[in-house]
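Structure file protein_27.tsv (TSV, C-alpha atoms) follows.
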chain	number	residue	atom	x	y	z
A	1	MET	CA	32.06	-162.26	-21.60
A	2	GLY	CA	33.03	-162.87	-17.97
A	3	ILE	CA	31.74	-160.90	-15.00
A	4	LEU	CA	35.18	-159.34	-14.48
A	5	GLU	CA	35.85	-158.37	-18.10
A	6	GLY	CA	38.06	-155.27	-18.13
A	7	LYS	CA	38.61	-155.24	-14.36
A	8	ARG	CA	42.08	-154.76	-12.88
A	9	LEU	CA	42.58	-156.65	-9.64
A	10	LEU	CA	45.32	-156.70	-7.02
A	11	ILE	CA	45.41	-160.02	-5.17
A	12	THR	CA	47.57	-160.61	-2.11
A	13	GLY	CA	48.45	-163.78	-0.25
A	14	VAL	CA	49.35	-166.20	-3.05
A	15	ILE	CA	51.96	-168.63	-1.73
A	16	THR	CA	51.10	-171.95	-3.36
A	17	ASP	CA	48.58	-173.08	-5.96
A	18	SER	CA	46.48	-174.56	-3.14
A	19	SER	CA	45.93	-171.15	-1.53
A	20	ILE	CA	42.58	-169.42	-1.57
A	21	ALA	CA	44.19	-166.36	-3.13
A	22	PHE	CA	45.44	-168.48	-6.05
A	23	ALA	CA	41.93	-169.85	-6.62
A	24	ALA	CA	40.57	-166.30	-6.58
A	25	ALA	CA	43.21	-165.15	-9.06
A	26	ARG	CA	42.52	-168.08	-11.38
A	27	VAL	CA	38.76	-167.57	-11.33
A	28	ALA	CA	39.23	-163.82	-11.82
A	29	GLN	CA	41.35	-164.37	-14.92
A	30	GLU	CA	38.85	-166.88	-16.27
A	31	GLN	CA	36.20	-164.18	-15.83
A	32	GLY	CA	38.19	-161.63	-17.82
A	33	ALA	CA	40.18	-159.73	-15.17
A	34	GLU	CA	43.74	-158.50	-15.43
A	35	VAL	CA	45.43	-159.73	-12.25
A	36	LEU	CA	48.47	-158.53	-10.30
A	37	LEU	CA	49.78	-160.43	-7.31
A	38	THR	CA	51.75	-159.41	-4.25
A	39	GLY	CA	54.23	-161.55	-2.37
A	40	PHE	CA	56.58	-161.23	0.55
A	41	GLY	CA	59.68	-163.13	1.60
A	42	ARG	CA	59.69	-166.07	-0.78
A	43	MET	CA	59.31	-164.00	-3.92
A	44	SER	CA	60.78	-166.62	-6.23
A	45	LEU	CA	58.16	-169.09	-4.98
A	46	VAL	CA	55.32	-166.62	-5.57
A	47	GLU	CA	56.64	-165.81	-9.04
A	48	ARG	CA	56.80	-169.52	-9.86
A	49	VAL	CA	53.23	-170.03	-8.66
A	50	ALA	CA	52.09	-166.96	-10.64
A	51	ARG	CA	53.22	-168.73	-13.82
A	52	LYS	CA	50.72	-171.51	-13.09
A	53	LEU	CA	47.77	-169.18	-13.62
A	54	PRO	CA	45.91	-169.31	-16.95
A	55	LYS	CA	47.83	-166.13	-17.81
A	56	PRO	CA	51.14	-165.48	-15.97
A	57	ALA	CA	50.64	-162.53	-13.62
A	58	PRO	CA	53.18	-159.92	-12.53
A	59	VAL	CA	54.20	-159.98	-8.86
A	60	VAL	CA	54.87	-156.95	-6.66
A	61	GLU	CA	56.68	-157.33	-3.35
A	62	LEU	CA	54.64	-156.19	-0.35
A	63	ASP	CA	55.22	-156.46	3.37
A	64	VAL	CA	52.03	-155.08	4.92
A	65	THR	CA	53.91	-154.19	8.11
A	66	SER	CA	56.44	-152.04	6.24
A	67	PRO	CA	55.58	-148.32	5.92
A	68	GLU	CA	58.03	-148.09	3.01
A	69	HIS	CA	56.41	-150.94	1.10
A	70	LEU	CA	52.94	-149.53	1.70
A	71	ALA	CA	53.94	-146.01	0.69
A	72	GLY	CA	55.44	-147.24	-2.58
A	73	LEU	CA	52.76	-149.79	-3.47
A	74	ALA	CA	50.69	-147.54	-5.73
A	75	ASP	CA	53.71	-146.55	-7.80
A	76	ARG	CA	54.82	-150.17	-8.19
A	77	VAL	CA	51.33	-151.23	-9.25
A	78	ARG	CA	51.23	-148.39	-11.81
A	79	GLU	CA	54.25	-149.97	-13.51
A	80	HIS	CA	51.82	-152.65	-14.71
A	81	VAL	CA	48.36	-151.00	-14.82
A	82	ASP	CA	47.09	-147.43	-14.59
A	83	GLY	CA	44.68	-148.21	-11.76
A	84	ILE	CA	42.69	-150.96	-10.07
A	85	ASP	CA	39.05	-151.86	-9.62
A	86	GLY	CA	39.38	-154.44	-6.86
A	87	THR	CA	41.71	-155.72	-4.15
A	88	LEU	CA	41.77	-159.02	-2.30
A	89	HIS	CA	43.35	-159.05	1.16
A	90	SER	CA	44.29	-162.65	1.88
A	91	ILE	CA	46.93	-162.12	4.54
A	92	GLY	CA	47.16	-163.54	8.04
A	93	PHE	CA	49.81	-164.57	10.52
A	94	ALA	CA	50.08	-165.42	14.19
A	95	PRO	CA	53.17	-166.55	16.15
A	96	PRO	CA	53.09	-170.15	17.44
A	97	SER	CA	52.18	-169.02	20.96
A	98	CYS	CA	48.87	-167.68	19.60
A	99	LEU	CA	47.81	-170.93	17.92
A	100	GLY	CA	47.33	-174.20	19.73
A	101	GLU	CA	49.16	-173.19	22.87
A	102	PRO	CA	47.09	-172.38	26.01
A	103	PHE	CA	45.10	-169.23	25.25
A	104	LEU	CA	46.12	-167.62	28.54
A	105	ASP	CA	49.86	-168.02	27.92
A	106	ALA	CA	50.35	-165.94	24.75
A	107	PRO	CA	52.43	-162.81	25.45
A	108	PHE	CA	51.13	-159.46	24.27
A	109	ASP	CA	53.94	-158.91	21.80
A	110	ASP	CA	52.88	-162.06	19.93
A	111	VAL	CA	49.21	-161.12	20.11
A	112	ALA	CA	50.04	-157.65	18.80
A	113	LYS	CA	51.87	-159.16	15.82
A	114	ALA	CA	48.87	-161.39	15.03
A	115	PHE	CA	46.58	-158.37	15.22
A	116	GLU	CA	48.86	-156.19	13.07
A	117	VAL	CA	49.27	-158.68	10.25
A	118	SER	CA	45.81	-160.25	10.31
A	119	ALA	CA	43.54	-157.27	11.05
A	120	TYR	CA	45.22	-153.87	11.01
A	121	SER	CA	46.84	-154.67	7.66
A	122	PHE	CA	43.37	-154.62	6.07
A	123	LYS	CA	43.26	-150.91	6.84
A	124	SER	CA	46.92	-150.48	5.86
A	125	LEU	CA	46.34	-152.12	2.49
A	126	ALA	CA	43.17	-150.11	1.89
A	127	THR	CA	45.04	-146.86	2.52
A	128	ALA	CA	47.91	-147.89	0.25
A	129	VAL	CA	45.71	-148.80	-2.72
A	130	LEU	CA	43.18	-145.97	-2.36
A	131	PRO	CA	44.99	-143.71	-4.88
A	132	LEU	CA	44.64	-146.46	-7.50
A	133	TYR	CA	40.83	-146.41	-7.51
A	134	GLY	CA	39.05	-144.10	-9.93
A	135	GLU	CA	35.83	-142.14	-9.52
A	136	GLN	CA	33.84	-145.30	-10.29
A	137	GLY	CA	35.13	-146.88	-7.07
A	138	GLY	CA	35.37	-150.63	-6.85
A	139	SER	CA	35.71	-153.40	-4.30
A	140	LEU	CA	37.90	-154.40	-1.38
A	141	VAL	CA	37.52	-157.99	-0.19
A	142	GLY	CA	39.13	-159.71	2.81
A	143	MET	CA	39.42	-163.34	3.86
A	144	ASP	CA	37.76	-164.27	7.14
A	145	PHE	CA	37.16	-167.31	9.32
A	146	ASP	CA	33.90	-166.96	11.26
A	147	ALA	CA	34.76	-165.12	14.48
A	148	THR	CA	31.35	-165.40	16.16
A	149	VAL	CA	32.42	-168.48	18.12
A	150	ALA	CA	35.56	-169.77	19.87
A	151	TRP	CA	37.31	-172.46	17.82
A	152	PRO	CA	39.61	-175.18	19.16
A	153	ALA	CA	43.27	-174.17	18.88
A	154	TYR	CA	42.50	-171.02	16.83
A	155	ASN	CA	42.88	-168.89	19.95
A	156	TRP	CA	44.31	-165.41	19.32
A	157	MET	CA	43.96	-165.72	15.57
A	158	GLY	CA	40.23	-165.96	16.25
A	159	VAL	CA	40.45	-162.72	18.20
A	160	ALA	CA	42.36	-161.15	15.29
A	161	LYS	CA	39.64	-162.29	12.89
A	162	ALA	CA	37.03	-160.65	15.12
A	163	ALA	CA	39.05	-157.45	14.82
A	164	LEU	CA	39.20	-157.95	11.06
A	165	GLU	CA	35.41	-158.20	10.92
A	166	SER	CA	35.03	-154.96	12.85
A	167	THR	CA	37.69	-153.27	10.73
A	168	SER	CA	35.80	-154.19	7.57
A	169	ARG	CA	32.67	-152.48	8.83
A	170	TYR	CA	34.52	-149.26	9.63
A	171	LEU	CA	36.26	-149.37	6.26
A	172	ALA	CA	32.87	-149.81	4.61
A	173	ARG	CA	31.71	-146.65	6.35
A	174	GLU	CA	34.83	-144.67	5.46
A	175	LEU	CA	35.17	-145.81	1.85
A	176	GLY	CA	31.51	-145.82	0.89
A	177	PRO	CA	31.57	-142.17	-0.22
A	178	ARG	CA	34.38	-143.18	-2.60
A	179	ARG	CA	32.07	-145.89	-4.02
A	180	ILE	CA	34.40	-148.60	-2.72
A	181	ARG	CA	32.59	-151.61	-1.31
A	182	VAL	CA	34.23	-153.52	1.55
A	183	ASN	CA	33.21	-157.10	2.29
A	184	LEU	CA	34.63	-160.29	3.80
A	185	VAL	CA	34.39	-163.91	2.71
A	186	ALA	CA	34.21	-166.30	5.68
A	187	ALA	CA	35.55	-169.52	4.20
A	188	GLY	CA	35.30	-173.03	5.48
A	189	PRO	CA	38.58	-174.83	6.19
A	190	VAL	CA	40.76	-175.34	3.12
A	191	ARG	CA	43.92	-177.43	3.26
A	192	THR	CA	46.37	-174.64	2.50
A	193	LEU	CA	49.93	-174.08	3.66
A	194	ALA	CA	48.64	-171.67	6.30
A	195	ALA	CA	46.05	-174.17	7.55
A	196	LYS	CA	48.69	-176.84	8.01
A	197	SER	CA	50.43	-174.58	10.53
A	198	ILE	CA	47.37	-174.60	12.81
A	199	PRO	CA	47.66	-177.29	15.50
A	200	GLY	CA	44.54	-179.44	15.59
A	201	PHE	CA	43.44	-178.49	12.06
A	202	ALA	CA	42.41	-182.12	11.54
A	203	ALA	CA	39.51	-181.52	13.94
A	204	PHE	CA	38.06	-178.99	11.49
A	205	GLU	CA	38.50	-181.40	8.60
A	206	GLU	CA	36.67	-184.19	10.40
A	207	ALA	CA	33.74	-182.09	11.62
A	208	TRP	CA	33.04	-179.81	8.68
A	209	GLY	CA	31.85	-182.14	5.93
A	210	PRO	CA	29.27	-184.10	7.94
A	211	ARG	CA	27.77	-180.97	9.52
A	212	ALA	CA	27.70	-178.72	6.43
A	213	PRO	CA	24.36	-179.31	4.66
A	214	LEU	CA	25.96	-178.77	1.24
A	215	GLY	CA	29.01	-180.82	2.17
A	216	TRP	CA	32.52	-179.45	2.07
A	217	ASP	CA	35.71	-180.36	0.21
A	218	ILE	CA	38.75	-179.19	2.17
A	219	ASN	CA	40.95	-179.70	-0.89
A	220	ASP	CA	39.00	-177.38	-3.19
A	221	ALA	CA	39.33	-173.61	-2.77
A	222	THR	CA	37.40	-172.90	-5.98
A	223	PRO	CA	34.03	-172.08	-4.32
A	224	VAL	CA	35.78	-169.52	-2.12
A	225	GLY	CA	37.65	-168.08	-5.07
A	226	MET	CA	34.38	-167.76	-6.99
A	227	ALA	CA	32.81	-165.79	-4.14
A	228	CYS	CA	35.79	-163.43	-4.04
A	229	ALA	CA	35.56	-162.92	-7.78
A	230	ALA	CA	31.83	-162.24	-7.58
A	231	LEU	CA	32.29	-159.63	-4.85
A	232	MET	CA	34.94	-157.87	-6.94
A	233	SER	CA	32.60	-157.76	-9.93
A	234	ASP	CA	29.77	-155.31	-10.55
A	235	TRP	CA	27.17	-157.86	-9.48
A	236	PHE	CA	27.02	-156.61	-5.84
A	237	PRO	CA	26.74	-152.84	-6.40
A	238	ALA	CA	24.90	-152.11	-3.15
A	239	THR	CA	26.55	-154.62	-0.80
A	240	THR	CA	29.15	-153.42	1.69
A	241	GLY	CA	30.07	-154.17	5.30
A	242	GLU	CA	28.93	-157.75	4.70
A	243	ILE	CA	30.38	-161.16	5.63
A	244	VAL	CA	29.59	-163.79	3.00
A	245	HIS	CA	29.90	-167.33	4.33
A	246	VAL	CA	31.29	-169.86	1.88
A	247	ASP	CA	31.40	-172.91	4.13
A	248	GLY	CA	28.76	-175.33	2.85
A	249	GLY	CA	26.29	-173.89	5.36
A	250	PHE	CA	28.26	-175.05	8.41
A	251	HIS	CA	27.89	-171.72	10.23
A	252	ALA	CA	24.08	-171.93	10.19
A	253	MET	CA	23.77	-175.37	11.78
A	254	GLY	CA	23.40	-176.23	15.45
A	255	VAL	CA	24.82	-179.28	17.21

Hey, can you dump this file as structure tokens for me?
Amino acid sequence: MGILEGKRLLITGVITDSSIAFAAARVAQEQGAEVLLTGFGRMSLVERVARKLPKPAPVVELDVTSPEHLAGLADRVREHVDGIDGTLHSIGFAPPSCLGEPFLDAPFDDVAKAFEVSAYSFKSLATAVLPLYGEQGGSLVGMDFDATVAWPAYNWMGVAKAALESTSRYLARELGPRRIRVNLVAAGPVRTLAAKSIPGFAAFEEAWGPRAPLGWDINDATPVGMACAALMSDWFPATTGEIVHVDGGFHAMGV
């Protein structure tokens, strides 16, 4: 019996089978969970990728910046399951001016969009799915990239991730009485579609493996997916407001 046997999970952010969200969904199914996915924009692509899972998963359309989508999410999820036990927020976006361009040049409108999609949407998603959780509570997990330092080229997305980290702590405080645990997984760099859009991503690839004491495979999102699955299981019943680093130990090393 897997650690997620009988759990119903909503997983966002699956775009390709190389994405971290896909790895999390695959591991979750292997561990016994019933999985639903959300997609936005390229729905046919998400539906095609969903069929690559061990068990094809239904896909619900969700734009986390749309009040209408958020308001109707619970009803659309109930068309497939009568509730959920865990949610994975794996959503992020920043306009080109916020990534790679000079940090001082990004206009506020672009920064605001990066913040809305990459940080505020964690709260938006939590609010939308809250009616789906039962009295037993459950788990809400978000995807992070360590925001304690300034990264080359990451710029305003790094600032948005810092906001995400703070948001997760406040959500942990607010949702704790509902027995909903809120945690983040700070992943090392994985060669996903989103990563390829970051100028200078090769610098992360070159530096990470040699510095991480456990090593790091940028082509394998499985370790990150396993951490997400573990946090959505019952094996962390008293852990909330935490950031779990899955990066080969890179974050703990000095120069």

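Here atom CA of Trp208 of chain A and atom CA of Trp156 of chain A stand 21.2 Å from one another.
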
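For the set A:Ser168, A:Asn183, A:Ser118, A:Thr16, the residue with the smallest atom-to-atom gap to Phe93 of chain A is A:Ser118, counting all atoms listed in the file.
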
Enclose the full set of atoms of segment 80-97 of chain A listed in the file within a box whose edges lie along x, y and z, apply 5 Å of padding to each of the six sides, and report centre and edge lengths in Å to one decimal as lines of an AutoDock Vina configuration file.
center_x = 46.1
center_y = -158.8
center_z = 3.1
size_x = 24.1
size_y = 32.7
size_z = 45.8

- [ ] May I have the residues within 9 Å of segment 178-182 of chain A as an NGL selection string, using all atoms listed in the file and disregarding those fewer than 4 positions away in the same chain?
- [x] :A and (85-86 or 133-142 or 168-169 or 171-174 or 231-232 or 236-242)

TODO: Name the residues in contact with Ala57 of chain A at a cut-off of 8 Å, using all atoms listed in the file, excluding same-chain residues fewer than 2 positions from it; report them as an NGL selection string.
DONE: :A and (35-37 or 50-51 or 53 or 55 or 59)

Open item on the list: Quick one: residues within 9 Å of Glu5 of chain A, only C-alpha atoms, excluding same-chain residues fewer than 6 positions away - as an NGL selection string?
Closed with: :A and (28-29 or 31-34 or 233)

Task: One-decimal distance in Å that lies between atom CA of Glu205 of chain A and atom CA of Thr222 of chain A - done: 16.9 Å

Task: Selection near segment 109-117 of chain A, 9 Å with only C-alpha atoms, sequence-local residues under 2 positions removed, as an NGL selection string - done: :A and (64-65 or 91-98 or 106-107 or 119-122 or 156-157 or 159-161 or 163-164)

Open item on the list: Set the distance at 12 Å and use all atoms listed in the file: which residues neighbour Phe250 of chain A once local chain neighbours fewer than 2 positions away are removed? I'd like the list as a PyMOL selection string.
Closed with: chain A and resi 145-146+186-189+204+207-216+245-248+252-255
